[in-house]
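*Asks:* To be precise about what I am sending: the file is called input-v2.cif and holds mmCIF, C-alpha atoms and all ligand atoms.
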```cif
data_protein
#
loop_
_atom_site.label_atom_id
_atom_site.label_comp_id
_atom_site.auth_asym_id
_atom_site.auth_seq_id
_atom_site.Cartn_x
_atom_site.Cartn_y
_atom_site.Cartn_z
CA MET X 1043 31.39 -11.82 -11.72
CA ILE X 1044 29.45 -9.18 -9.78
CA ARG X 1045 26.45 -10.55 -7.91
CA ASP X 1046 23.74 -7.94 -7.51
CA LYS X 1047 21.93 -8.49 -4.20
CA HIS X 1048 20.42 -5.04 -3.85
CA ILE X 1049 16.62 -4.81 -3.75
CA PRO X 1050 15.42 -1.37 -4.92
CA ILE X 1051 13.25 0.51 -2.45
CA MET X 1052 9.75 2.01 -2.90
CA THR X 1053 9.81 1.46 -6.66
CA LYS X 1054 5.99 1.63 -6.96
CA GLU X 1055 5.83 4.83 -4.93
CA ILE X 1056 8.51 6.42 -7.12
CA GLN X 1057 6.91 5.22 -10.33
CA SER X 1058 3.51 6.59 -9.24
CA PHE X 1059 4.68 10.16 -9.92
CA ILE X 1060 5.32 9.42 -13.59
CA ASP X 1061 2.94 6.53 -14.32
CA ASP X 1062 1.15 8.42 -17.07
CA LYS X 1063 4.28 9.72 -18.80
CA ASN X 1064 6.42 8.30 -21.61
CA ASN X 1065 9.90 8.90 -22.97
CA LEU X 1066 11.16 10.86 -19.98
CA PHE X 1067 14.76 11.88 -19.46
CA ILE X 1068 15.72 10.47 -16.08
CA LEU X 1069 18.85 11.06 -14.04
CA ASP X 1070 19.57 8.32 -11.50
CA CYS X 1071 22.40 9.74 -9.38
CA THR X 1072 22.81 6.61 -7.25
CA PHE X 1073 22.70 3.76 -9.76
CA GLY X 1074 23.94 1.08 -7.29
CA GLY X 1075 22.77 -2.30 -8.56
CA GLY X 1076 20.64 -0.53 -11.17
CA GLY X 1077 17.32 -1.58 -9.62
CA HIS X 1078 15.58 1.76 -10.02
CA SER X 1079 17.19 2.47 -13.37
CA LYS X 1080 15.98 -0.86 -14.70
CA LYS X 1081 12.38 -0.03 -13.74
CA PHE X 1082 12.65 3.26 -15.66
CA LEU X 1083 14.25 1.54 -18.66
CA ASP X 1084 11.54 -1.13 -18.67
CA LYS X 1085 9.01 1.69 -19.15
CA GLY X 1086 10.99 3.02 -22.13
CA HIS X 1087 12.46 6.08 -20.46
CA TYR X 1088 15.99 7.39 -21.18
CA VAL X 1089 18.26 6.94 -18.20
CA THR X 1090 21.47 8.77 -17.40
CA ALA X 1091 23.05 7.09 -14.39
CA ILE X 1092 25.81 8.07 -11.99
CA ASP X 1093 27.60 6.15 -9.27
CA GLN X 1094 31.08 6.34 -7.78
CA ASP X 1095 31.17 2.58 -7.30
CA ASN X 1096 33.27 0.48 -9.66
CA ASN X 1097 30.91 -2.48 -9.47
CA SER X 1098 28.04 -0.25 -10.55
CA LYS X 1099 29.99 0.52 -13.69
CA VAL X 1100 30.16 -3.21 -14.48
CA ILE X 1101 26.46 -3.70 -13.73
CA ALA X 1102 25.60 -0.73 -15.98
CA LYS X 1103 27.75 -2.11 -18.77
CA ASN X 1104 25.82 -5.38 -18.66
CA LEU X 1105 22.46 -3.60 -18.52
CA LYS X 1106 23.41 -1.53 -21.54
CA LYS X 1107 23.49 -4.72 -23.64
CA LYS X 1108 19.72 -4.92 -23.20
CA PHE X 1109 18.88 -1.22 -22.92
CA THR X 1110 20.57 1.18 -25.30
CA ASN X 1111 18.75 4.08 -23.58
CA LEU X 1112 21.22 3.95 -20.70
CA SER X 1113 24.36 6.06 -20.19
CA PHE X 1114 26.55 5.63 -17.13
CA TYR X 1115 29.10 7.95 -15.53
CA ARG X 1116 31.36 6.82 -12.71
CA THR X 1117 31.70 9.85 -10.50
CA ASN X 1118 30.58 11.50 -7.29
CA PHE X 1119 27.16 13.10 -7.70
CA LYS X 1120 28.45 16.22 -5.97
CA ASP X 1121 30.42 16.84 -9.19
CA LEU X 1122 27.40 16.59 -11.45
CA ASP X 1123 28.21 19.94 -13.05
CA LEU X 1124 31.64 18.75 -14.15
CA LEU X 1125 30.24 16.00 -16.35
CA GLU X 1126 29.83 16.47 -20.05
CA LEU X 1127 26.31 15.10 -20.15
CA LYS X 1128 24.63 14.43 -23.47
CA ILE X 1129 21.32 15.46 -21.95
CA LYS X 1130 21.37 18.75 -20.07
CA LYS X 1131 17.97 18.87 -18.34
CA PHE X 1132 15.91 16.06 -16.86
CA ASP X 1133 12.26 15.29 -16.15
CA PHE X 1134 13.01 13.20 -13.07
CA ILE X 1135 16.06 13.08 -10.83
CA LEU X 1136 16.49 10.35 -8.23
CA LEU X 1137 18.84 10.09 -5.28
CA ASP X 1138 18.66 6.86 -3.29
CA LEU X 1139 21.28 7.71 -0.71
CA GLY X 1140 23.86 5.70 1.18
CA PHE X 1141 25.28 2.34 0.25
CA SER X 1142 23.87 -0.69 -1.57
CA SER X 1143 23.47 -4.21 -0.17
CA ASN X 1144 26.31 -5.19 -2.52
CA GLN X 1145 28.56 -2.73 -0.70
CA LEU X 1146 27.27 -3.81 2.72
CA ASP X 1147 28.27 -7.38 1.96
CA ASP X 1148 31.72 -6.41 0.71
CA ASN X 1149 34.27 -7.26 3.40
CA ASN X 1150 36.86 -4.97 1.81
CA ILE X 1151 34.58 -2.04 2.58
CA GLY X 1152 33.72 -3.34 6.04
CA LEU X 1153 30.48 -1.46 6.74
CA SER X 1154 29.01 -4.19 8.88
CA PHE X 1155 29.77 -4.82 12.53
CA LYS X 1156 28.57 -8.39 12.08
CA ASN X 1157 31.71 -9.42 10.16
CA ASN X 1158 35.29 -8.74 11.02
CA SER X 1159 37.28 -6.76 8.45
CA ASN X 1160 40.02 -4.19 8.19
CA LEU X 1161 38.79 -0.77 9.30
CA ASN X 1162 37.69 1.06 6.16
CA MET X 1163 33.95 1.94 5.63
CA ASN X 1164 34.72 4.01 2.54
CA TYR X 1165 32.39 2.86 -0.23
CA LEU X 1166 33.09 5.84 -2.52
CA ASP X 1167 36.71 5.23 -3.33
CA SER X 1168 37.94 8.46 -1.77
CA ASN X 1169 40.97 9.07 0.45
CA LEU X 1170 39.49 9.05 3.91
CA ASN X 1171 38.50 5.92 5.83
CA ALA X 1172 37.68 4.72 9.33
CA TYR X 1173 41.25 3.52 9.94
CA LYS X 1174 42.64 7.04 9.39
CA ILE X 1175 39.90 8.64 11.46
CA ILE X 1176 40.26 6.27 14.40
CA ASN X 1177 44.05 6.21 14.45
CA PHE X 1178 44.96 9.75 13.39
CA TYR X 1179 42.18 12.24 14.16
CA ASN X 1180 42.85 14.40 17.22
CA LYS X 1181 40.49 14.50 20.18
CA GLU X 1182 38.42 17.44 18.92
CA GLU X 1183 38.00 15.89 15.48
CA LEU X 1184 36.97 12.52 16.90
CA GLN X 1185 34.56 14.21 19.27
CA ARG X 1186 33.01 16.20 16.40
CA VAL X 1187 32.47 13.06 14.31
CA PHE X 1188 30.89 11.05 17.13
CA TYR X 1189 28.76 13.93 18.37
CA LEU X 1190 27.53 15.31 15.05
CA TYR X 1191 27.22 12.15 12.99
CA GLY X 1192 26.62 9.53 15.67
CA GLU X 1193 24.64 11.78 18.03
CA ILE X 1194 26.63 10.22 20.87
CA ASN X 1195 26.24 12.40 23.97
CA GLN X 1196 29.43 11.21 25.60
CA ALA X 1197 31.49 11.87 22.47
CA GLU X 1198 34.35 13.45 24.41
CA LYS X 1199 34.66 10.47 26.73
CA LEU X 1200 34.70 8.14 23.73
CA ALA X 1201 37.31 10.22 21.89
CA LYS X 1202 39.59 10.23 24.93
CA TYR X 1203 39.24 6.48 25.39
CA ILE X 1204 40.06 5.76 21.74
CA ILE X 1205 43.14 7.98 21.89
CA ASN X 1206 44.28 6.16 25.00
CA GLN X 1207 43.75 2.73 23.42
CA ARG X 1208 45.48 3.58 20.15
CA SER X 1209 48.53 4.80 22.06
CA ILE X 1210 48.85 1.21 23.32
CA LYS X 1211 48.17 -0.45 19.96
CA THR X 1212 47.02 0.64 16.49
CA ILE X 1213 43.34 -0.15 15.92
CA ASN X 1214 43.14 -2.21 12.75
CA THR X 1215 39.84 -4.04 12.50
CA ASN X 1216 36.11 -3.65 13.03
CA TYR X 1217 36.15 -6.21 15.84
CA GLU X 1218 38.98 -4.40 17.64
CA LEU X 1219 36.97 -1.20 17.39
CA ILE X 1220 33.84 -2.92 18.73
CA GLU X 1221 35.84 -4.20 21.74
CA ILE X 1222 37.01 -0.66 22.42
CA LEU X 1223 33.48 0.74 22.13
CA ARG X 1224 32.28 -1.94 24.55
CA ASP X 1225 35.01 -1.20 27.09
CA SER X 1226 34.80 2.58 26.78
CA GLY X 1227 32.17 2.95 29.49
CA VAL X 1228 30.18 5.21 27.15
CA ASN X 1229 26.44 5.00 27.51
CA PHE X 1230 25.22 4.45 23.94
CA ARG X 1231 21.78 5.83 23.33
CA SER X 1232 19.40 3.10 22.36
CA LYS X 1233 18.77 -0.27 23.89
CA LYS X 1234 16.97 -1.36 20.71
CA ILE X 1235 19.96 -1.21 18.37
CA HIS X 1236 23.44 -2.74 18.55
CA PHE X 1237 25.58 -0.50 20.77
CA ALA X 1238 28.11 0.04 17.96
CA THR X 1239 25.52 1.36 15.49
CA GLN X 1240 25.92 5.08 16.25
CA ALA X 1241 29.72 4.99 16.18
CA PHE X 1242 29.73 3.02 12.93
CA GLN X 1243 27.23 5.43 11.39
CA ALA X 1244 29.41 8.38 12.42
CA LEU X 1245 32.55 6.85 10.90
CA ARG X 1246 30.72 5.95 7.70
CA ILE X 1247 29.28 9.45 7.26
CA GLU X 1248 32.68 11.04 7.84
CA SER X 1249 34.61 8.55 5.68
CA ASN X 1250 32.34 9.16 2.70
CA ASN X 1251 31.58 12.83 3.34
CA GLU X 1252 27.92 11.87 2.99
CA LEU X 1253 26.24 15.05 4.21
CA GLU X 1254 28.57 17.40 2.34
CA ASN X 1255 28.10 15.46 -0.90
CA LEU X 1256 24.36 15.80 -0.53
CA LYS X 1257 24.53 19.53 0.28
CA MET X 1258 26.83 20.24 -2.66
CA PHE X 1259 24.55 18.31 -4.98
CA LEU X 1260 21.48 20.19 -3.77
CA LYS X 1261 23.17 23.52 -4.47
CA LYS X 1262 23.40 22.66 -8.17
CA VAL X 1263 20.50 20.37 -8.91
CA HIS X 1264 18.14 23.17 -10.07
CA ASN X 1265 20.37 23.65 -13.14
CA PHE X 1266 19.50 20.12 -14.28
CA LEU X 1267 15.72 20.14 -13.89
CA GLU X 1268 13.13 20.83 -16.56
CA HIS X 1269 10.09 22.90 -15.63
CA ASN X 1270 7.69 20.60 -13.73
CA ALA X 1271 10.39 17.95 -13.27
CA TYR X 1272 10.49 15.81 -10.15
CA LEU X 1273 13.29 15.58 -7.64
CA ALA X 1274 12.92 12.43 -5.53
CA ILE X 1275 15.26 11.67 -2.63
CA ILE X 1276 15.35 8.57 -0.45
CA SER X 1277 17.29 8.94 2.78
CA PHE X 1278 18.11 6.42 5.48
CA HIS X 1279 18.99 8.41 8.57
CA SER X 1280 17.59 11.47 10.27
CA LEU X 1281 20.64 13.67 9.60
CA GLU X 1282 20.26 13.13 5.87
CA ASP X 1283 16.49 13.49 5.93
CA ARG X 1284 16.82 16.81 7.77
CA VAL X 1285 19.01 18.20 4.98
CA VAL X 1286 16.45 17.15 2.35
CA LYS X 1287 13.46 18.43 4.34
CA ASN X 1288 15.14 21.82 4.90
CA PHE X 1289 16.11 22.04 1.24
CA PHE X 1290 12.49 21.68 0.09
CA ARG X 1291 11.35 24.11 2.80
CA ASP X 1292 13.96 26.77 2.03
CA ASN X 1293 13.32 26.59 -1.71
CA ARG X 1294 9.56 26.24 -1.78
CA VAL X 1295 7.19 28.05 -4.10
CA LYS X 1296 5.13 30.30 -1.85
CA LYS X 1297 2.43 31.19 -4.40
CA ASN X 1298 2.13 32.47 -7.97
CA LYS X 1299 5.79 31.86 -8.63
CA ILE X 1300 6.97 33.78 -5.61
CA PHE X 1301 9.87 31.77 -4.28
CA GLN X 1302 11.04 31.43 -0.70
CA ASN X 1303 14.67 31.69 -1.85
CA ASN X 1304 14.06 34.96 -3.76
CA LYS X 1305 15.41 33.32 -6.91
CA ASP X 1306 13.53 32.44 -10.09
CA TRP X 1307 13.02 28.81 -9.20
CA GLY X 1308 11.61 26.67 -6.40
CA PHE X 1309 9.84 23.44 -5.53
CA GLU X 1310 6.28 22.47 -4.87
CA ASN X 1311 6.56 20.02 -2.00
CA LEU X 1312 4.66 16.87 -3.00
CA THR X 1313 5.37 15.01 0.25
CA LYS X 1314 4.48 17.14 3.25
CA LYS X 1315 5.26 14.03 5.25
CA PRO X 1316 7.88 11.69 3.81
CA ILE X 1317 6.63 8.52 2.14
CA THR X 1318 7.73 5.35 3.93
CA ALA X 1319 7.77 1.74 2.80
CA SER X 1320 4.65 -0.40 3.15
CA LYS X 1321 4.50 -3.17 5.75
CA ALA X 1322 4.72 -5.74 2.99
CA GLU X 1323 7.89 -4.15 1.61
CA ILE X 1324 9.48 -3.99 5.06
CA ILE X 1325 8.78 -7.70 5.60
CA ASN X 1326 10.36 -8.49 2.24
CA ASN X 1327 13.29 -6.08 2.60
CA ASN X 1328 14.29 -5.06 6.11
CA ARG X 1329 16.52 -2.28 4.79
CA SER X 1330 13.43 -0.36 3.64
CA ARG X 1331 12.22 0.15 7.23
CA SER X 1332 14.28 3.30 7.74
CA ALA X 1333 13.81 4.76 4.24
CA LYS X 1334 12.10 8.13 3.80
CA LEU X 1335 11.13 9.41 0.37
CA ARG X 1336 10.62 13.14 -0.26
CA VAL X 1337 9.59 14.49 -3.65
CA GLY X 1338 9.37 18.02 -5.01
CA ARG X 1339 8.15 19.40 -8.34
CA PHE X 1340 10.47 21.97 -9.88
CA ILE X 1341 8.89 25.29 -10.85
CA ASN X 1342 10.70 28.06 -12.71
C1 LIG X 1401 21.17 2.70 -1.86
S1 LIG X 1401 22.32 2.45 -3.15
C2 LIG X 1401 21.35 2.74 -4.59
C3 LIG X 1401 20.65 1.53 -5.08
C4 LIG X 1401 19.95 1.70 -6.41
N1 LIG X 1401 18.92 2.69 -6.36
C5 LIG X 1401 19.38 0.38 -6.87
O1 LIG X 1401 18.16 0.28 -6.99
O2 LIG X 1401 20.14 -0.56 -7.11
C6 LIG X 1401 23.27 3.91 -3.11
C7 LIG X 1401 24.33 4.01 -4.20
O3 LIG X 1401 24.72 5.37 -4.27
C8 LIG X 1401 26.10 5.45 -4.44
N2 LIG X 1401 26.52 6.72 -3.88
C9 LIG X 1401 26.33 7.17 -2.62
N3 LIG X 1401 26.82 8.40 -2.49
C10 LIG X 1401 27.32 8.74 -3.71
C11 LIG X 1401 27.96 9.91 -4.20
N4 LIG X 1401 28.17 10.96 -3.42
N5 LIG X 1401 28.33 9.93 -5.50
C12 LIG X 1401 28.11 8.86 -6.29
N6 LIG X 1401 27.52 7.72 -5.88
C13 LIG X 1401 27.13 7.67 -4.60
C14 LIG X 1401 26.67 4.25 -3.72
O4 LIG X 1401 27.91 3.89 -4.28
C15 LIG X 1401 25.57 3.20 -3.94
O5 LIG X 1401 25.86 2.40 -5.04
#
```
As structure tokens, how would this structure be written, given the file I've shared?
Ligand SMILES: C[S@@+](CC[C@H](N)C(=O)[O-])C[C@H]1O[C@@H](n2cnc3c(N)ncnc32)[C@H](O)[C@@H]1O
*Replies:*
Amino acid sequence: MIRDKHIPIMTKEIQSFIDDKNNLFILDCTFGGGGHSKKFLDKGHYVTAIDQDNNSKVIAKNLKKKFTNLSFYRTNFKDLDLLELKIKKFDFILLDLGFSSNQLDDNNIGLSFKNNSNLNMNYLDSNLNAYKIINFYNKEELQRVFYLYGEINQAEKLAKYIINQRSIKTINTNYELIEILRDSGVNFRSKKIHFATQAFQALRIESNNELENLKMFLKKVHNFLEHNAYLAIISFHSLEDRVVKNFFRDNRVKKNKIFQNNKDWGFENLTKKPITASKAEIINNNRSRSAKLRVGRFIN
């Protein structure tokens, strides 16, 4: 039995863009526990949902018993164009990036540094994981991951220390990795967060290819949007948000259908500043504190 513990984020804010509309075709590319999809289905919209997660497939199957307007595809959203979708163009596309609370609590995935688990961090069922990165990447590769995805200034020092430690003993678990991070002598950036946060973030981004998936998806998404459709993206870290912000900037409508990208399509940016969760939502759901929502209207 799958227990769904995920609380959907900024549902009112998302809904506010389509409050006055009925019977929309919606593509939820990160179905997760189905929280957002359920809100759309409750309003009578037609939802096509995607997620790479096996548990999401089970949750969708159960939800389908109540809502026949739901179709689910288990795949990576970067491969959206490979799907044989019944509906070809959508009025609203949602990406709620990252991992769900269900995945965070799953000790087989091991995303949390609060619980011990085997080194993994892959929540998308692909080949790479933190064990392979930590035990087999060479110094340059490790340095790249920690510097680019963890924004750790002393990435080289950390890479060297890990390579030294793994030559003594294979690094198998989250707790072993945390010990190594602690003993590495690396000055982690923030005093406010757990010192392992940046390294864990880096390993998670690399294991799941998070930024590349997003970039590949953004290259194709215009093919799936109706004129005037909305593209709404919730991100949870600054690296991801930067990709989304630059995407809307580089593909904006300048005026009178003149497009920044010199193509025949673009976006009106509806969120000059990203929307963030209300204080009340943050109190109720701590995860929402780092969420940023950006929305564009598709013009072609
Ligand atoms: C934050 S959760 C979404 C929660 C969902 N909106 C809800 O209300 O329950 C993110 C989900 O996106 C999925 N995901 C992340 N990257 C993905 C990708 N590249 N392809 C497919 N699914 C992905 C994860 O498996 C996870 O279930």
*Asks:* Which residues are close to Asn1214 in chain X, i.e. within 8 Å by only C-alpha atoms, leaving aside same-chain residues fewer than 5 positions away? Reply as an MDAnalysis selection string.
*Replies:* chainID X and resid 1160:1161 1173 1219
*Asks:* How close does each residue of range 1128-1206 of chain X get to range 1319-1336 of chain X, giving the shortest atom pair and distance in Å to one decimal for every residue with an atom at most 12 Å away, counting all atoms listed in the file, sorted by chain and residue number, as JSON lines?
*Replies:*
```
{"residue": "X:Ile1135", "atom": "CA", "partner": "X:Arg1336", "partner_atom": "CA", "distance": 11.9}
{"residue": "X:Leu1136", "atom": "CA", "partner": "X:Leu1335", "partner_atom": "CA", "distance": 10.2}
{"residue": "X:Leu1137", "atom": "CA", "partner": "X:Leu1335", "partner_atom": "CA", "distance": 9.6}
{"residue": "X:Asp1138", "atom": "CA", "partner": "X:Leu1335", "partner_atom": "CA", "distance": 8.8}
{"residue": "X:Leu1139", "atom": "CA", "partner": "X:Ala1333", "partner_atom": "CA", "distance": 9.4}
{"residue": "X:Gly1140", "atom": "CA", "partner": "X:Ala1333", "partner_atom": "CA", "distance": 10.5}
{"residue": "X:Phe1141", "atom": "CA", "partner": "X:Arg1329", "partner_atom": "CA", "distance": 10.9}
{"residue": "X:Ser1142", "atom": "CA", "partner": "X:Arg1329", "partner_atom": "CA", "distance": 9.8}
{"residue": "X:Ser1143", "atom": "CA", "partner": "X:Arg1329", "partner_atom": "CA", "distance": 8.8}
{"residue": "X:Leu1146", "atom": "CA", "partner": "X:Arg1329", "partner_atom": "CA", "distance": 11.1}
```
*Asks:* From the set X:Thr1313, X:Asn1180, X:Asn1288, X:Asn1171, which residue has the shortest atom-to-atom contact distance to Lys1202 in chain X, counting only C-alpha atoms?
*Replies:* X:Asn1180
*Asks:* Compile the contact shell of Thr1215 in chain X as number ranges by chain: residues with an atom at most 12 Å away, counting only C-alpha atoms, same-chain residues fewer than 6 positions apart removed.
*Replies:* X: 1149-1155, 1157-1163, 1172-1174, 1176-1177, 1221-1222
*Asks:* Please, could you write that set of residues out with C-alpha atoms as a JSON list (two decimals), keeping the file's coordinate frame?
*Replies:*
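Everything below was put into out39.json:
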```json
[["chain", "number", "residue", "atom", "x", "y", "z"],
["X", 1149, "ASN", "CA", 34.27, -7.26, 3.40],
["X", 1150, "ASN", "CA", 36.86, -4.97, 1.81],
["X", 1151, "ILE", "CA", 34.58, -2.04, 2.58],
["X", 1152, "GLY", "CA", 33.72, -3.34, 6.04],
["X", 1153, "LEU", "CA", 30.48, -1.46, 6.74],
["X", 1154, "SER", "CA", 29.01, -4.19, 8.88],
["X", 1155, "PHE", "CA", 29.77, -4.82, 12.53],
["X", 1157, "ASN", "CA", 31.71, -9.42, 10.16],
["X", 1158, "ASN", "CA", 35.29, -8.74, 11.02],
["X", 1159, "SER", "CA", 37.28, -6.76, 8.45],
["X", 1160, "ASN", "CA", 40.02, -4.19, 8.19],
["X", 1161, "LEU", "CA", 38.79, -0.77, 9.30],
["X", 1162, "ASN", "CA", 37.69, 1.06, 6.16],
["X", 1163, "MET", "CA", 33.95, 1.94, 5.63],
["X", 1172, "ALA", "CA", 37.68, 4.72, 9.33],
["X", 1173, "TYR", "CA", 41.25, 3.52, 9.94],
["X", 1174, "LYS", "CA", 42.64, 7.04, 9.39],
["X", 1176, "ILE", "CA", 40.26, 6.27, 14.40],
["X", 1177, "ASN", "CA", 44.05, 6.21, 14.45],
["X", 1221, "GLU", "CA", 35.84, -4.20, 21.74],
["X", 1222, "ILE", "CA", 37.01, -0.66, 22.42]]
```
*Asks:* For ligand LIG 1401 (chain X), which of X:Phe1242, X:Phe1119, X:Phe1178, X:Phe1266 is the closest residue, counting all atoms listed in the file?
*Replies:* X:Phe1119
*Asks:* Could you put an axis-aligned box around every listed atom of range 1272-1276 of chain X, padded by 3 Å on each side, and send me its centre and edge lengths in Å to one decimal, as lines of an AutoDock Vina configuration file?
*Replies:*
```
center_x = 12.9
center_y = 12.2
center_z = -5.3
size_x = 10.9
size_y = 13.2
size_z = 15.7
```
*Asks:* Using all atoms listed in the file, which of X:Tyr1189, X:Tyr1088, X:Phe1132, X:Tyr1165 sits nearest ligand LIG 1401 (chain X)?
*Replies:*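 Looking only at the distances to ligand LIG 1401 (chain X), the closest residue turns out to be X:Tyr1165.
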*Asks:* Taking all atoms listed in the file into account, name the residue in X:Ser1113, X:Thr1090, X:Asn1096, X:Thr1072 that is nearest to ligand LIG 1401 (chain X).
*Replies:*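 When distances to ligand LIG 1401 (chain X) are compared using all atoms listed in the file, the smallest one comes from X:Thr1072.
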*Asks:* Using only C-alpha atoms and all ligand atoms, find each protein or nucleic acid residue lying at most 9 Å from ligand LIG 1401 (chain X); present the set as a PyMOL selection string.
*Replies:* chain X and resi 1046-1051+1053+1070-1081+1092-1098+1116-1122+1136-1145+1165-1167+1250-1256+1259+1276-1278
*Asks:* Rounded to one decimal, what separation in Å do you get between CA of Ser1249 in chain X and CA of Gln1207 in chain X?
*Replies:* 20.8 Å
*Asks:* Tyr1179 in chain X: which residues within 12 Å, counting all atoms listed in the file, same-chain residues fewer than 4 positions away excluded, as a list in words?
*Replies:*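 In the requested format, the answer is Leu1170, Asn1171, Ala1172, Tyr1173, Lys1174, Ile1175, Glu1183, Leu1184, Gln1185, Arg1186, Val1187, Phe1188, Ala1201, Lys1202, Ile1204, Ile1205, Arg1208, Leu1245, Glu1248 and Ser1249 of chain X.
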*Asks:* Create the file for the chosen residues now, containing C-alpha atoms and written as a CSV table (one decimal), in the coordinates of the input.
*Replies:*
```csv
chain,number,residue,atom,x,y,z
X,1170,LEU,CA,39.5,9.0,3.9
X,1171,ASN,CA,38.5,5.9,5.8
X,1172,ALA,CA,37.7,4.7,9.3
X,1173,TYR,CA,41.2,3.5,9.9
X,1174,LYS,CA,42.6,7.0,9.4
X,1175,ILE,CA,39.9,8.6,11.5
X,1183,GLU,CA,38.0,15.9,15.5
X,1184,LEU,CA,37.0,12.5,16.9
X,1185,GLN,CA,34.6,14.2,19.3
X,1186,ARG,CA,33.0,16.2,16.4
X,1187,VAL,CA,32.5,13.1,14.3
X,1188,PHE,CA,30.9,11.0,17.1
X,1201,ALA,CA,37.3,10.2,21.9
X,1202,LYS,CA,39.6,10.2,24.9
X,1204,ILE,CA,40.1,5.8,21.7
X,1205,ILE,CA,43.1,8.0,21.9
X,1208,ARG,CA,45.5,3.6,20.2
X,1245,LEU,CA,32.6,6.8,10.9
X,1248,GLU,CA,32.7,11.0,7.8
X,1249,SER,CA,34.6,8.6,5.7
```
*Asks:* To one decimal in Å, tell me the separation between CA of Val1089 in chain X and CA of Leu1069 in chain X.
*Replies:*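 Computed distance, CA of Val1089 in chain X to CA of Leu1069 in chain X, equals 5.9 Å.
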*Asks:* Can you pull out the residues contacting Phe1340 in chain X? Cut-off 10 Å, using only C-alpha atoms, and skip same-chain residues under 6 positions away; I want them as a PDB file with C-alpha atoms, in the frame of the given file.
*Replies:*
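The new file selection_25.pdb reads:
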```pdb
ATOM      1  CA  ASP X1133      12.260  15.290 -16.150  1.00  0.00           C
ATOM      2  CA  PHE X1134      13.010  13.200 -13.070  1.00  0.00           C
ATOM      3  CA  HIS X1264      18.140  23.170 -10.070  1.00  0.00           C
ATOM      4  CA  LEU X1267      15.720  20.140 -13.890  1.00  0.00           C
ATOM      5  CA  GLU X1268      13.130  20.830 -16.560  1.00  0.00           C
ATOM      6  CA  HIS X1269      10.090  22.900 -15.630  1.00  0.00           C
ATOM      7  CA  ASN X1270       7.690  20.600 -13.730  1.00  0.00           C
ATOM      8  CA  ALA X1271      10.390  17.950 -13.270  1.00  0.00           C
ATOM      9  CA  TYR X1272      10.490  15.810 -10.150  1.00  0.00           C
ATOM     10  CA  LEU X1273      13.290  15.580  -7.640  1.00  0.00           C
ATOM     11  CA  ASN X1293      13.320  26.590  -1.710  1.00  0.00           C
ATOM     12  CA  ARG X1294       9.560  26.240  -1.780  1.00  0.00           C
ATOM     13  CA  VAL X1295       7.190  28.050  -4.100  1.00  0.00           C
ATOM     14  CA  TRP X1307      13.020  28.810  -9.200  1.00  0.00           C
ATOM     15  CA  GLY X1308      11.610  26.670  -6.400  1.00  0.00           C
ATOM     16  CA  PHE X1309       9.840  23.440  -5.530  1.00  0.00           C
ATOM     17  CA  GLU X1310       6.280  22.470  -4.870  1.00  0.00           C
ATOM     18  CA  ASN X1311       6.560  20.020  -2.000  1.00  0.00           C
TER      19      ASN X1311
END
```
*Asks:* Just how far from CA of Asn1304 in chain X is CA of Asp1292 in chain X, in Å to one decimal?
*Replies:*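 Atom-to-atom, CA of Asp1292 in chain X and CA of Asn1304 in chain X are spaced 10.0 Å apart.
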